[in-house]
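Listing of input_37.txt, compact mmCIF, C-alpha atoms
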# COMPACT_ATOMS: atom_id res chain seq x y z
CA MET A 1 28.94 -1.72 -3.02
CA GLU A 2 29.66 -0.72 0.56
CA VAL A 3 26.79 0.20 2.84
CA THR A 4 26.55 1.37 6.42
CA ILE A 5 23.29 0.52 8.14
CA ASN A 6 22.50 1.20 11.77
CA VAL A 7 21.09 -2.02 13.21
CA ASN A 8 19.97 -2.03 16.83
CA GLY A 9 21.98 1.12 17.51
CA VAL A 10 25.23 -0.11 15.96
CA ASP A 11 26.57 1.10 12.59
CA GLN A 12 27.30 -1.96 10.46
CA THR A 13 29.49 -1.47 7.38
CA LYS A 14 29.52 -4.31 4.87
CA GLU A 15 30.36 -4.95 1.24
CA ILE A 16 27.16 -6.19 -0.43
CA GLU A 17 25.57 -6.80 -3.80
CA GLY A 18 22.92 -4.27 -4.79
CA ARG A 19 20.36 -7.05 -5.03
CA LEU A 20 20.84 -8.25 -1.43
CA LEU A 21 17.54 -8.10 0.45
CA LEU A 22 17.45 -6.57 3.91
CA VAL A 23 16.31 -9.83 5.52
CA HIS A 24 19.42 -11.60 4.20
CA PHE A 25 21.67 -8.71 5.25
CA ILE A 26 20.32 -9.05 8.78
CA ARG A 27 20.48 -12.83 8.93
CA ASP A 28 23.50 -13.70 6.78
CA SER A 29 25.76 -10.64 6.83
CA LEU A 30 25.18 -9.86 10.52
CA GLY A 31 24.20 -13.28 11.87
CA LEU A 32 21.08 -11.90 13.56
CA THR A 33 18.88 -14.90 12.93
CA GLY A 34 16.05 -13.80 15.21
CA THR A 35 14.46 -12.19 12.15
CA HIS A 36 12.92 -15.03 10.20
CA TRP A 37 12.75 -15.47 6.47
CA GLY A 38 9.45 -16.94 5.39
CA CYS A 39 7.28 -16.62 2.33
CA ASP A 40 9.62 -14.42 0.27
CA THR A 41 6.57 -12.63 -1.15
CA SER A 42 5.78 -9.97 1.50
CA ASN A 43 2.71 -11.88 2.64
CA CYS A 44 3.63 -13.78 5.80
CA GLY A 45 5.26 -11.02 7.87
CA THR A 46 7.73 -13.10 9.87
CA CYS A 47 10.58 -10.93 8.48
CA VAL A 48 9.14 -7.71 9.93
CA VAL A 49 11.72 -5.33 11.37
CA TRP A 50 11.56 -1.63 12.11
CA MET A 51 12.89 0.96 9.72
CA ASP A 52 12.97 4.33 11.50
CA GLU A 53 10.29 3.25 14.04
CA GLU A 54 7.95 1.73 11.42
CA PRO A 55 7.45 -1.98 10.83
CA VAL A 56 8.45 -3.08 7.33
CA LYS A 57 8.73 -6.45 5.61
CA SER A 58 12.48 -6.89 5.26
CA CYS A 59 12.11 -9.41 2.42
CA THR A 60 10.78 -6.58 0.25
CA VAL A 61 13.37 -3.92 1.07
CA LEU A 62 16.81 -3.90 -0.55
CA ALA A 63 19.58 -3.70 2.01
CA ALA A 64 20.96 -0.75 0.05
CA MET A 65 17.67 1.09 0.59
CA ALA A 66 18.24 0.88 4.36
CA GLU A 67 21.53 2.78 4.24
CA GLY A 68 21.23 5.86 6.41
CA HIS A 69 18.19 4.44 8.21
CA ARG A 70 17.82 2.85 11.63
CA ILE A 71 16.86 -0.82 11.63
CA ARG A 72 15.58 -2.50 14.78
CA THR A 73 15.25 -6.27 15.02
CA VAL A 74 13.70 -8.63 17.54
CA GLU A 75 17.09 -9.02 19.27
CA ASP A 76 16.77 -5.42 20.49
CA LEU A 77 13.50 -5.97 22.39
CA GLU A 78 15.15 -7.46 25.46
CA GLN A 79 17.10 -4.81 27.33
CA GLY A 80 19.54 -5.56 30.17
CA GLY A 81 18.23 -9.06 30.68
CA VAL A 82 14.62 -7.86 30.95
CA LEU A 83 12.16 -9.01 28.32
CA ASP A 84 9.97 -6.46 26.60
CA PRO A 85 6.36 -6.67 27.87
CA VAL A 86 5.24 -8.03 24.47
CA GLN A 87 7.75 -10.86 24.81
CA GLN A 88 6.56 -11.54 28.34
CA GLY A 89 2.95 -11.42 27.10
CA PHE A 90 3.66 -14.11 24.50
CA ILE A 91 5.01 -16.29 27.34
CA GLN A 92 2.13 -15.58 29.74
CA GLU A 93 -0.65 -16.14 27.20
CA HIS A 94 1.03 -18.84 25.09
CA GLY A 95 1.20 -16.59 22.02
CA LEU A 96 3.36 -19.06 20.14
CA GLN A 97 3.61 -22.72 19.39
CA CYS A 98 6.19 -23.33 16.65
CA GLY A 99 7.52 -19.78 16.98
CA PHE A 100 8.17 -19.14 13.33
CA CYS A 101 5.92 -16.08 13.03
CA THR A 102 6.85 -14.76 16.48
CA PRO A 103 9.64 -12.27 15.63
CA GLY A 104 7.41 -10.45 13.16
CA MET A 105 4.46 -10.58 15.53
CA LEU A 106 6.58 -9.12 18.33
CA MET A 107 7.94 -6.23 16.25
CA THR A 108 4.51 -5.33 14.90
CA SER A 109 2.86 -5.48 18.30
CA ARG A 110 5.64 -3.40 19.90
CA ALA A 111 5.05 -0.73 17.22
CA LEU A 112 1.30 -0.89 17.80
CA LEU A 113 1.59 -0.37 21.57
CA ASP A 114 4.05 2.50 21.10
CA LYS A 115 1.47 4.31 18.97
CA ASN A 116 -1.67 3.09 20.71
CA PRO A 117 -1.09 1.96 24.33
CA ASP A 118 -4.66 0.72 24.81
CA PRO A 119 -5.76 -0.91 21.57
CA SER A 120 -9.09 -2.65 21.11
CA GLU A 121 -9.17 -6.27 20.00
CA GLU A 122 -10.18 -5.04 16.54
CA GLU A 123 -7.19 -2.68 16.40
CA ILE A 124 -4.85 -5.49 17.46
CA ARG A 125 -6.22 -7.82 14.79
CA GLU A 126 -5.89 -5.08 12.16
CA ALA A 127 -2.29 -4.36 13.21
CA ILE A 128 -1.22 -8.00 12.82
CA SER A 129 -3.28 -8.62 9.69
CA GLY A 130 -0.09 -8.62 7.60
CA GLN A 131 1.30 -11.58 9.56
CA ILE A 132 0.39 -15.20 9.18
CA CYS A 133 0.37 -17.69 12.07
CA ARG A 134 -0.47 -21.31 11.28
CA CYS A 135 -0.51 -22.56 14.90
CA THR A 136 -2.46 -20.40 17.29
CA GLY A 137 -5.54 -19.30 15.41
CA TYR A 138 -4.50 -15.78 16.50
CA SER A 139 -6.64 -15.70 19.66
CA MET A 140 -3.68 -16.35 21.92
CA ILE A 141 -1.57 -13.79 20.07
CA VAL A 142 -4.29 -11.19 20.59
CA ARG A 143 -4.41 -12.07 24.29
CA SER A 144 -0.62 -11.84 24.50
CA ILE A 145 -0.67 -8.31 23.12
CA GLN A 146 -3.52 -7.39 25.47
CA TRP A 147 -1.47 -8.78 28.37
CA ALA A 148 1.44 -6.52 27.36
CA ALA A 149 -0.83 -3.48 27.04
CA ASN A 150 -2.35 -4.13 30.46
CA ALA A 151 1.07 -4.67 32.03
CA GLU A 152 2.41 -1.42 30.60
CA ASN A 153 -0.69 0.54 31.53
CA ALA A 154 -0.55 -0.79 35.10
CA VAL A 155 3.05 0.42 35.36
CA THR A 156 2.12 3.81 33.93
CA VAL A 157 -0.80 4.23 36.34
CA GLY A 158 1.39 3.10 39.23
CA ALA A 159 4.08 5.62 38.33
CA SER A 160 1.69 8.57 38.15
CA SER A 161 -0.21 7.88 41.38
CA MET B 1 15.03 -18.48 -2.48
CA GLN B 2 13.85 -15.73 -4.79
CA VAL B 3 16.58 -13.21 -5.51
CA PRO B 4 16.53 -10.45 -8.12
CA ALA B 5 18.96 -10.65 -11.03
CA PRO B 6 22.05 -8.48 -10.55
CA PHE B 7 21.66 -4.74 -11.07
CA GLU B 8 23.44 -1.51 -10.22
CA TYR B 9 21.94 0.51 -7.40
CA GLU B 10 21.72 4.31 -7.51
CA ARG B 11 20.06 6.70 -5.12
CA ALA B 12 18.39 9.91 -6.31
CA GLU B 13 18.59 13.01 -4.14
CA SER B 14 16.00 15.10 -5.98
CA VAL B 15 13.48 14.78 -8.81
CA GLU B 16 15.95 16.49 -11.16
CA HIS B 17 18.69 14.08 -10.08
CA ALA B 18 16.37 11.11 -10.72
CA ILE B 19 15.56 12.39 -14.20
CA GLY B 20 19.26 12.94 -14.89
CA LEU B 21 20.05 9.39 -13.81
CA LEU B 22 17.26 8.02 -15.99
CA GLU B 23 18.60 9.95 -18.99
CA ARG B 24 22.14 8.73 -18.38
CA LEU B 25 21.29 5.09 -17.65
CA GLY B 26 18.72 4.62 -20.40
CA SER B 27 15.75 2.33 -20.85
CA GLU B 28 17.09 -0.48 -18.63
CA ALA B 29 16.80 1.71 -15.53
CA ARG B 30 13.80 1.61 -13.21
CA LEU B 31 12.74 3.81 -10.33
CA VAL B 32 11.95 2.10 -7.03
CA ALA B 33 9.76 3.83 -4.46
CA GLY B 34 8.12 1.64 -1.81
CA GLY B 35 9.33 -1.40 -3.71
CA HIS B 36 6.28 -3.53 -2.93
CA SER B 37 5.36 -3.92 -6.59
CA LEU B 38 8.73 -3.83 -8.34
CA ILE B 39 10.84 -5.91 -5.95
CA PRO B 40 8.46 -8.93 -5.99
CA MET B 41 8.42 -8.72 -9.80
CA MET B 42 12.23 -8.60 -9.85
CA ARG B 43 12.42 -11.63 -7.59
CA LEU B 44 10.19 -13.57 -9.96
CA ARG B 45 12.41 -12.26 -12.81
CA LEU B 46 9.33 -10.74 -14.40
CA ALA B 47 11.28 -7.48 -14.25
CA ASN B 48 15.05 -7.49 -14.83
CA PRO B 49 16.26 -3.89 -14.79
CA GLU B 50 20.00 -3.28 -15.11
CA TYR B 51 19.81 -0.21 -12.91
CA ILE B 52 17.65 0.57 -9.91
CA ILE B 53 17.23 4.21 -8.93
CA ASP B 54 16.01 4.48 -5.35
CA ILE B 55 13.77 7.54 -4.93
CA ASN B 56 12.89 7.09 -1.26
CA ASP B 57 14.94 10.16 -0.38
CA LEU B 58 12.28 12.12 -2.32
CA ALA B 59 9.62 11.05 0.20
CA ASP B 60 9.54 14.56 1.70
CA GLU B 61 9.62 16.37 -1.64
CA LEU B 62 6.92 14.17 -3.19
CA GLY B 63 4.98 13.06 -0.10
CA TYR B 64 2.04 15.42 0.42
CA ILE B 65 -1.72 15.84 0.23
CA ARG B 66 -2.81 19.46 -0.25
CA VAL B 67 -5.58 21.52 -1.77
CA GLU B 68 -4.55 24.08 -4.39
CA GLY B 69 -7.45 25.99 -5.91
CA ASP B 70 -10.12 23.55 -7.03
CA HIS B 71 -7.83 20.51 -7.12
CA LEU B 72 -6.44 18.17 -4.51
CA HIS B 73 -2.77 17.42 -5.16
CA ILE B 74 -1.19 14.16 -4.00
CA GLY B 75 2.56 13.72 -4.31
CA ALA B 76 3.62 10.48 -6.01
CA MET B 77 5.69 9.36 -3.00
CA THR B 78 2.76 9.65 -0.59
CA ARG B 79 2.59 6.31 1.18
CA HIS B 80 -0.59 4.28 1.64
CA GLN B 81 -0.62 4.81 5.41
CA HIS B 82 -0.54 8.59 4.91
CA LEU B 83 -3.43 8.32 2.42
CA LEU B 84 -5.41 6.16 4.86
CA ASP B 85 -4.82 8.50 7.80
CA SER B 86 -5.53 11.78 5.99
CA ASP B 87 -8.81 13.28 7.19
CA GLU B 88 -8.55 15.98 4.53
CA LEU B 89 -8.39 13.35 1.78
CA ALA B 90 -11.26 11.37 3.31
CA SER B 91 -13.41 14.49 3.67
CA HIS B 92 -13.10 15.31 -0.03
CA PHE B 93 -13.00 11.76 -1.40
CA PRO B 94 -14.11 9.13 1.13
CA MET B 95 -13.56 6.37 -1.42
CA PHE B 96 -9.82 6.78 -0.87
CA ARG B 97 -10.20 5.61 2.73
CA ASP B 98 -12.58 2.81 1.65
CA ALA B 99 -9.91 1.59 -0.76
CA GLU B 100 -6.89 2.08 1.48
CA LYS B 101 -8.46 -0.05 4.21
CA VAL B 102 -8.41 -3.04 1.85
CA ILE B 103 -5.05 -2.46 0.14
CA ALA B 104 -2.55 -5.08 1.32
CA ASP B 105 -1.91 -4.85 5.08
CA PRO B 106 -0.70 -2.20 7.56
CA VAL B 107 2.98 -3.15 7.28
CA VAL B 108 2.95 -3.06 3.48
CA ARG B 109 1.03 0.25 3.64
CA ASN B 110 3.96 1.75 5.55
CA ARG B 111 6.08 1.45 2.40
CA GLY B 112 3.90 1.38 -0.72
CA THR B 113 3.16 4.67 -2.53
CA ILE B 114 0.39 5.99 -4.74
CA GLY B 115 2.89 6.63 -7.53
CA GLY B 116 4.18 3.09 -7.41
CA SER B 117 0.65 1.72 -7.39
CA LEU B 118 -0.36 3.71 -10.46
CA CYS B 119 2.90 3.02 -12.30
CA GLN B 120 2.64 -0.72 -11.86
CA ALA B 121 -0.57 -0.44 -13.91
CA ASP B 122 -1.98 -3.73 -12.67
CA PRO B 123 -5.57 -4.10 -13.96
CA SER B 124 -6.66 -5.08 -10.42
CA GLU B 125 -5.00 -2.17 -8.62
CA ASP B 126 -7.28 -0.26 -6.28
CA LEU B 127 -5.92 3.30 -6.42
CA SER B 128 -5.97 3.20 -10.21
CA ALA B 129 -9.69 2.48 -10.03
CA VAL B 130 -10.15 5.24 -7.44
CA CYS B 131 -8.25 7.80 -9.54
CA SER B 132 -10.14 6.76 -12.69
CA THR B 133 -13.47 7.17 -10.91
CA LEU B 134 -12.50 10.63 -9.64
CA ASP B 135 -11.27 11.79 -13.06
CA ALA B 136 -7.76 12.41 -11.75
CA VAL B 137 -4.88 13.53 -13.91
CA CYS B 138 -1.23 12.51 -13.62
CA VAL B 139 1.67 14.95 -13.72
CA ILE B 140 4.72 13.50 -15.46
CA ARG B 141 8.05 15.32 -15.36
CA GLY B 142 11.05 14.98 -17.66
CA SER B 143 14.02 17.19 -18.41
CA GLY B 144 11.86 19.16 -20.87
CA GLY B 145 9.29 20.04 -18.23
CA GLU B 146 5.94 18.72 -17.05
CA ARG B 147 3.01 17.25 -18.90
CA VAL B 148 -0.40 16.30 -17.60
CA VAL B 149 -2.28 13.21 -18.78
CA SER B 150 -5.69 11.83 -17.89
CA MET B 151 -6.03 8.50 -16.10
CA HIS B 152 -7.48 7.11 -19.32
CA ASP B 153 -4.30 8.01 -21.21
CA PHE B 154 -1.95 7.21 -18.32
CA HIS B 155 -2.62 3.48 -18.48
CA GLN B 156 -1.85 2.09 -21.93
CA GLY B 157 -2.40 -1.60 -21.24
CA PRO B 158 -1.55 -4.06 -18.46
CA TYR B 159 1.70 -2.94 -16.79
CA GLU B 160 2.18 -0.13 -19.33
CA THR B 161 1.96 3.58 -18.63
CA ALA B 162 2.47 6.87 -20.45
CA VAL B 163 5.59 7.55 -18.39
CA GLY B 164 8.58 7.64 -20.75
CA ASP B 165 12.04 6.18 -20.14
CA ALA B 166 13.46 9.41 -18.74
CA GLU B 167 10.34 10.63 -16.96
CA ILE B 168 8.89 10.37 -13.47
CA LEU B 169 5.32 10.55 -12.22
CA THR B 170 5.41 13.36 -9.64
CA GLU B 171 1.81 14.09 -8.71
CA VAL B 172 -1.83 13.09 -9.02
CA ARG B 173 -4.40 15.89 -9.19
CA ILE B 174 -8.08 15.37 -8.50
CA PRO B 175 -10.74 17.97 -9.31
CA ILE B 176 -12.77 19.08 -6.27
CA ARG B 177 -16.40 19.71 -7.16
CA PRO B 178 -19.11 20.79 -4.70
CA ASN B 179 -21.91 18.60 -3.32
CA GLY B 180 -20.29 15.32 -4.19
CA SER B 181 -19.21 12.15 -2.50
CA SER B 182 -17.84 8.74 -3.34
CA ALA B 183 -17.47 5.12 -2.21
CA TYR B 184 -15.44 2.03 -3.07
CA ASN B 185 -16.20 -1.66 -2.67
CA LYS B 186 -13.97 -4.63 -3.36
CA VAL B 187 -14.29 -8.39 -3.22
CA GLU B 188 -11.05 -10.22 -2.52
CA ARG B 189 -10.28 -13.87 -1.87
CA ARG B 190 -8.53 -13.13 1.42
CA ALA B 191 -7.59 -10.03 3.40
CA GLY B 192 -5.10 -7.84 1.57
CA ASP B 193 -5.33 -9.63 -1.77
CA TRP B 194 -5.79 -8.12 -5.20
CA ALA B 195 -9.40 -7.49 -6.18
CA VAL B 196 -11.46 -10.23 -7.77
CA VAL B 197 -13.45 -7.20 -8.90
CA SER B 198 -13.90 -3.79 -7.33
CA ALA B 199 -16.13 -0.85 -8.13
CA GLY B 200 -15.89 2.79 -7.17
CA ALA B 201 -18.62 5.37 -7.59
CA ALA B 202 -18.63 9.15 -7.33
CA VAL B 203 -21.74 11.33 -7.53
CA TRP B 204 -22.41 15.05 -7.48
CA MET B 205 -25.87 16.20 -6.38
CA ASP B 206 -28.21 19.18 -6.63
CA GLY B 207 -30.86 18.51 -4.02
CA ASN B 208 -32.19 15.07 -4.85
CA THR B 209 -30.90 15.05 -8.41
CA ILE B 210 -27.63 13.50 -9.50
CA THR B 211 -26.01 16.13 -11.70
CA ASP B 212 -23.05 13.91 -12.53
CA GLY B 213 -21.88 10.45 -11.61
CA ARG B 214 -18.97 8.22 -12.47
CA VAL B 215 -18.27 4.53 -11.96
CA GLY B 216 -14.79 2.98 -12.13
CA LEU B 217 -14.02 -0.73 -12.14
CA ALA B 218 -10.89 -2.76 -11.44
CA ALA B 219 -10.00 -6.27 -12.62
CA VAL B 220 -12.52 -6.39 -15.47
CA GLY B 221 -10.21 -5.72 -18.43
CA PRO B 222 -6.69 -4.71 -19.44
CA ASN B 223 -6.75 -1.61 -17.21
CA THR B 224 -8.98 -0.11 -14.58
CA THR B 225 -11.72 1.66 -16.42
CA THR B 226 -14.61 4.05 -16.17
CA ILE B 227 -17.93 3.14 -17.73
CA ASP B 228 -19.24 5.95 -19.94
CA ALA B 229 -22.71 4.40 -20.21
CA ALA B 230 -23.04 4.60 -16.41
CA ARG B 231 -22.40 8.32 -16.53
CA ASP B 232 -25.08 8.76 -19.19
CA LEU B 233 -27.64 7.01 -16.97
CA LEU B 234 -26.67 8.91 -13.81
CA GLN B 235 -26.68 12.45 -15.16
CA GLY B 236 -29.96 14.12 -14.22
CA ALA B 237 -31.35 11.01 -12.52
CA THR B 238 -33.09 10.74 -9.17
CA PRO B 239 -31.44 8.26 -6.79
CA SER B 240 -33.33 4.99 -6.33
CA GLU B 241 -32.63 1.30 -5.96
CA GLU B 242 -33.95 0.83 -9.51
CA LEU B 243 -31.40 3.34 -10.82
CA TYR B 244 -28.54 1.62 -9.01
CA ALA B 245 -29.63 -1.75 -10.41
CA GLU B 246 -29.87 -0.31 -13.91
CA VAL B 247 -26.40 1.26 -13.70
CA GLY B 248 -25.00 -1.96 -12.23
CA ALA B 249 -26.42 -3.94 -15.13
CA VAL B 250 -24.94 -1.52 -17.65
CA CYS B 251 -21.52 -1.71 -15.98
CA SER B 252 -21.68 -5.50 -16.01
CA ALA B 253 -22.62 -5.49 -19.70
CA ASN B 254 -19.88 -3.01 -20.61
CA CYS B 255 -16.93 -4.79 -19.03
CA ASP B 256 -14.93 -7.75 -20.26
CA PRO B 257 -13.33 -9.75 -17.44
CA ASP B 258 -11.38 -12.94 -18.01
CA THR B 259 -11.86 -16.24 -16.23
CA ASP B 260 -8.79 -16.85 -14.09
CA MET B 261 -7.74 -18.24 -10.71
CA ARG B 262 -9.64 -15.44 -8.95
CA GLY B 263 -12.97 -16.32 -10.51
CA SER B 264 -15.00 -16.95 -13.62
CA ALA B 265 -15.89 -14.18 -16.05
CA GLU B 266 -19.56 -14.75 -15.17
CA TYR B 267 -18.90 -14.29 -11.45
CA LYS B 268 -16.84 -11.17 -12.10
CA LYS B 269 -19.65 -9.67 -14.18
CA HIS B 270 -22.02 -10.38 -11.29
CA LEU B 271 -19.60 -8.61 -8.94
CA ALA B 272 -19.29 -5.64 -11.30
CA SER B 273 -23.05 -5.15 -11.09
CA GLU B 274 -23.42 -5.78 -7.36
CA LEU B 275 -20.42 -3.70 -6.26
CA THR B 276 -21.47 -0.82 -8.51
CA LYS B 277 -24.87 -0.82 -6.80
CA ARG B 278 -23.32 -0.83 -3.33
CA SER B 279 -20.87 1.96 -4.13
CA LEU B 280 -23.55 4.14 -5.73
CA ARG B 281 -25.87 3.61 -2.75
CA THR B 282 -23.16 4.63 -0.28
CA ALA B 283 -21.90 7.55 -2.39
CA VAL B 284 -25.41 9.02 -2.64
CA ALA B 285 -26.02 8.49 1.08
CA ARG B 286 -22.78 10.29 1.88
CA ALA B 287 -23.48 13.12 -0.57
CA THR B 288 -26.88 13.70 0.99
CA GLY B 289 -25.72 13.33 4.59
CA GLN B 290 -27.73 10.17 5.10
CA GLU B 291 -24.98 7.64 5.56
CA ALA B 292 -25.92 5.09 8.21

What would you get if you wrote out this structure as C-alpha cells?
Amino acid sequence: MEVTINVNGVDQTKEIEGRLLLVHFIRDSLGLTGTHWGCDTSNCGTCVVWMDEEPVKSCTVLAAMAEGHRIRTVEDLEQGGVLDPVQQGFIQEHGLQCGFCTPGMLMTSRALLDKNPDPSEEEIREAISGQICRCTGYSMIVRSIQWAANAENAVTVGASS
Amino acid sequence: MQVPAPFEYERAESVEHAIGLLERLGSEARLVAGGHSLIPMMRLRLANPEYIIDINDLADELGYIRVEGDHLHIGAMTRHQHLLDSDELASHFPMFRDAEKVIADPVVRNRGTIGGSLCQADPSEDLSAVCSTLDAVCVIRGSGGERVVSMHDFHQGPYETAVGDAEILTEVRIPIRPNGSSAYNKVERRAGDWAVVSAGAAVWMDGNTITDGRVGLAAVGPNTTTIDAARDLLQGATPSEELYAEVGAVCSANCDPDTDMRGSAEYKKHLASELTKRSLRTAVARATGQEA
C-alpha cells in the first residue's frame, strides 16, 4: 500500500506493507535514525516521536495509522544550526551517557515544556516515567529538563521586560 | 525484531463504515483503536488477524465524556489521557482518576482508549475493574442496531467479550447516584505494569449509613469481578475499620487468584483483602467529605 506521511514538515510518500511499524518507517524507509528502536514492547520509550503534537511510542503505531498525521522526530529539534533548549540542557547537565534513550527523552521533555513551561520535579519525573534510562539514574535527566525550562523562562522574562 | 504477521489494512471513516467493513471482511478482521493492546499481541503472534480496521478517525465521534440524565456516557474512543484529565469524570467517580494515574505511562495514555482496554478483556485490566465496580453497562452496535450489556455479561472469559464479529463497542454508561464516592488501589511490580491485584470500591451514603456499596477486583480470576458478598455486608452498615476488615476478608475468601510470575495465590489473596480495605476507607472518606 502507498502512504503519505508528513514527517518533520515534509510529505513522504512510500510503498509499504500494512504491518510496517512507524519506528521502522522512520528509520528504514526514511533513513532518519535519530529515533531509536529499543524494547519493541512499548516499555522503554526510546522510539518516542510526536504525532500531531503528542508524544507516542512509534514501535506501537502502524505506519499506515500515521497517514494524514504530522510526525515530528528528534531531527527536527535543532533549527537553523541552533539546538533546542532541551538538547542544550542535556549537554549542560550531562543528561546522557550512552545516549540510547536520549531521542525519546528529548521528544517527551520538549512536549512537556510546551504544555507546562515551569514543571516541578515531580511533574518532570511523571512525564518521563514511560522512558527507561539505564545510565544516569534519571537525576541528571531531570536537571537537564530543569535547565531547559529555566533557560526558556529567562528568555521569556527578558523579552517581556 | 517482533513484527506482526501480514494483514490487510483498512481505515474506517464512521461507525457505520466500520461495521460494514467488519461484515464484509468476516471473523478474521479486528478493529484497532489506540493499538497498545492489539499491536503488541500481534507482534508476539498471539493475535494474527487477516484484516486490521483502523478506527482512529472515529476519535471525535466516539471520544467524549458527558452526562445524559442520570448516566455518565463515555465514548469508546476516549483516550486514557482524556479520562485522567477530566474533572467532570473525577467529580462523579474519583476512582477513574485513581486508576488512570497507574495505567501504563503518560505516552501510552496518549494513545490507549477505554474501549480498547475493555475489549482486550485482560483479567488484570484496571478500567474493567473500575467499570465493574461502578456497575457500568456497555453499548454494542451492529448493523441491526444497538444492544446494552452489563459488565458482568460483557466479559465472557480471559480475552473474550460479548462483542460479536460484526459489532463494535461504542460507549460505556455509568449510573450516577447521589451521595456516593469511590476509590481504587493497585499493587504493581513496577510503575505502569499490570496489577498484581487491584481493588476498587464504591459506596453510597445516607448520613453515616452505607446504603449501598460495591467492590470490584482485578487479577484474581478469569475476569475482573465484583464480589456480591461484599455488597451484602456493606448495605445498611455503619462505616468502621472493623467493617472494612470484614469486607476485605470476605473479598479475599471469595476470589480465586492463580500463582504466577506476579505473585503467589496466597499473596494475591492478602492484597485483595488489604486493597479492599484501603479503597473502602478512602471511598467513605470522600463520600462524607472527610478525605485527608

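Across B:Glu88, B:Glu68, B:Asp105, B:Asp153, the tightest approach to A:Pro55 is made by B:Asp105 when counting all atoms listed in the file.
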
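Between atom CA of A:Gly130 and atom CA of A:Val142 the interatomic distance comes to 13.9 Å.
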
Compile the contact shell of A:Gly9 as a count of residues only: residues with an atom at most 10 Å away, counting all atoms listed in the file, same-chain residues fewer than 6 positions apart removed.
4

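Within 7 Å of chain A, counting all atoms listed in the file, chain B contributes B:Gln2, B:Pro4, B:Pro6, B:Phe7, B:Glu8, B:Tyr9, B:Gly35, B:His36, B:Ile39, B:Pro40, B:Asp105, B:Pro106, B:Val107, B:Val108, B:Asn110.
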
At what distance in Å, to one decimal, does atom CA of B:Asp85 lie from atom CA of A:Thr156?
27.4 Å

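Look at A:Cys101: the protein and nucleic acid residues within 10 Å of it, using only C-alpha atoms and passing over chain neighbours fewer than 3 places away, are Thr35, His36, Trp37, Gly38, Cys44, Gly45, Thr46, Cys47, Val48, Leu96, Gln97, Cys98, Gly104, Met105, Leu106, Gln131, Ile132, Cys133, Arg134 and Cys135 of chain A.
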
Counting only C-alpha atoms, closest pick from B:Glu291, B:Glu274, B:Glu10, B:Glu146 relative to B:Cys251 is B:Glu274

Atomic separation - atom CA of B:Leu22 relative to atom CA of B:Glu167, Å:
7.5 Å

Stretch 46-61 of chain A, all listed atoms, 8 Å padding on each side: what axis-aligned box centre and edge lengths in Å to one decimal come out, as lines of an AutoDock Vina configuration file?
center_x = 10.4
center_y = -4.4
center_z = 7.1
size_x = 21.9
size_y = 33.4
size_z = 29.8

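Each of A:Gln88, A:Thr33, A:Ser139, A:Gln146 was compared to A:Leu112 using all atoms listed in the file, and A:Gln146 turns out to be the nearest.
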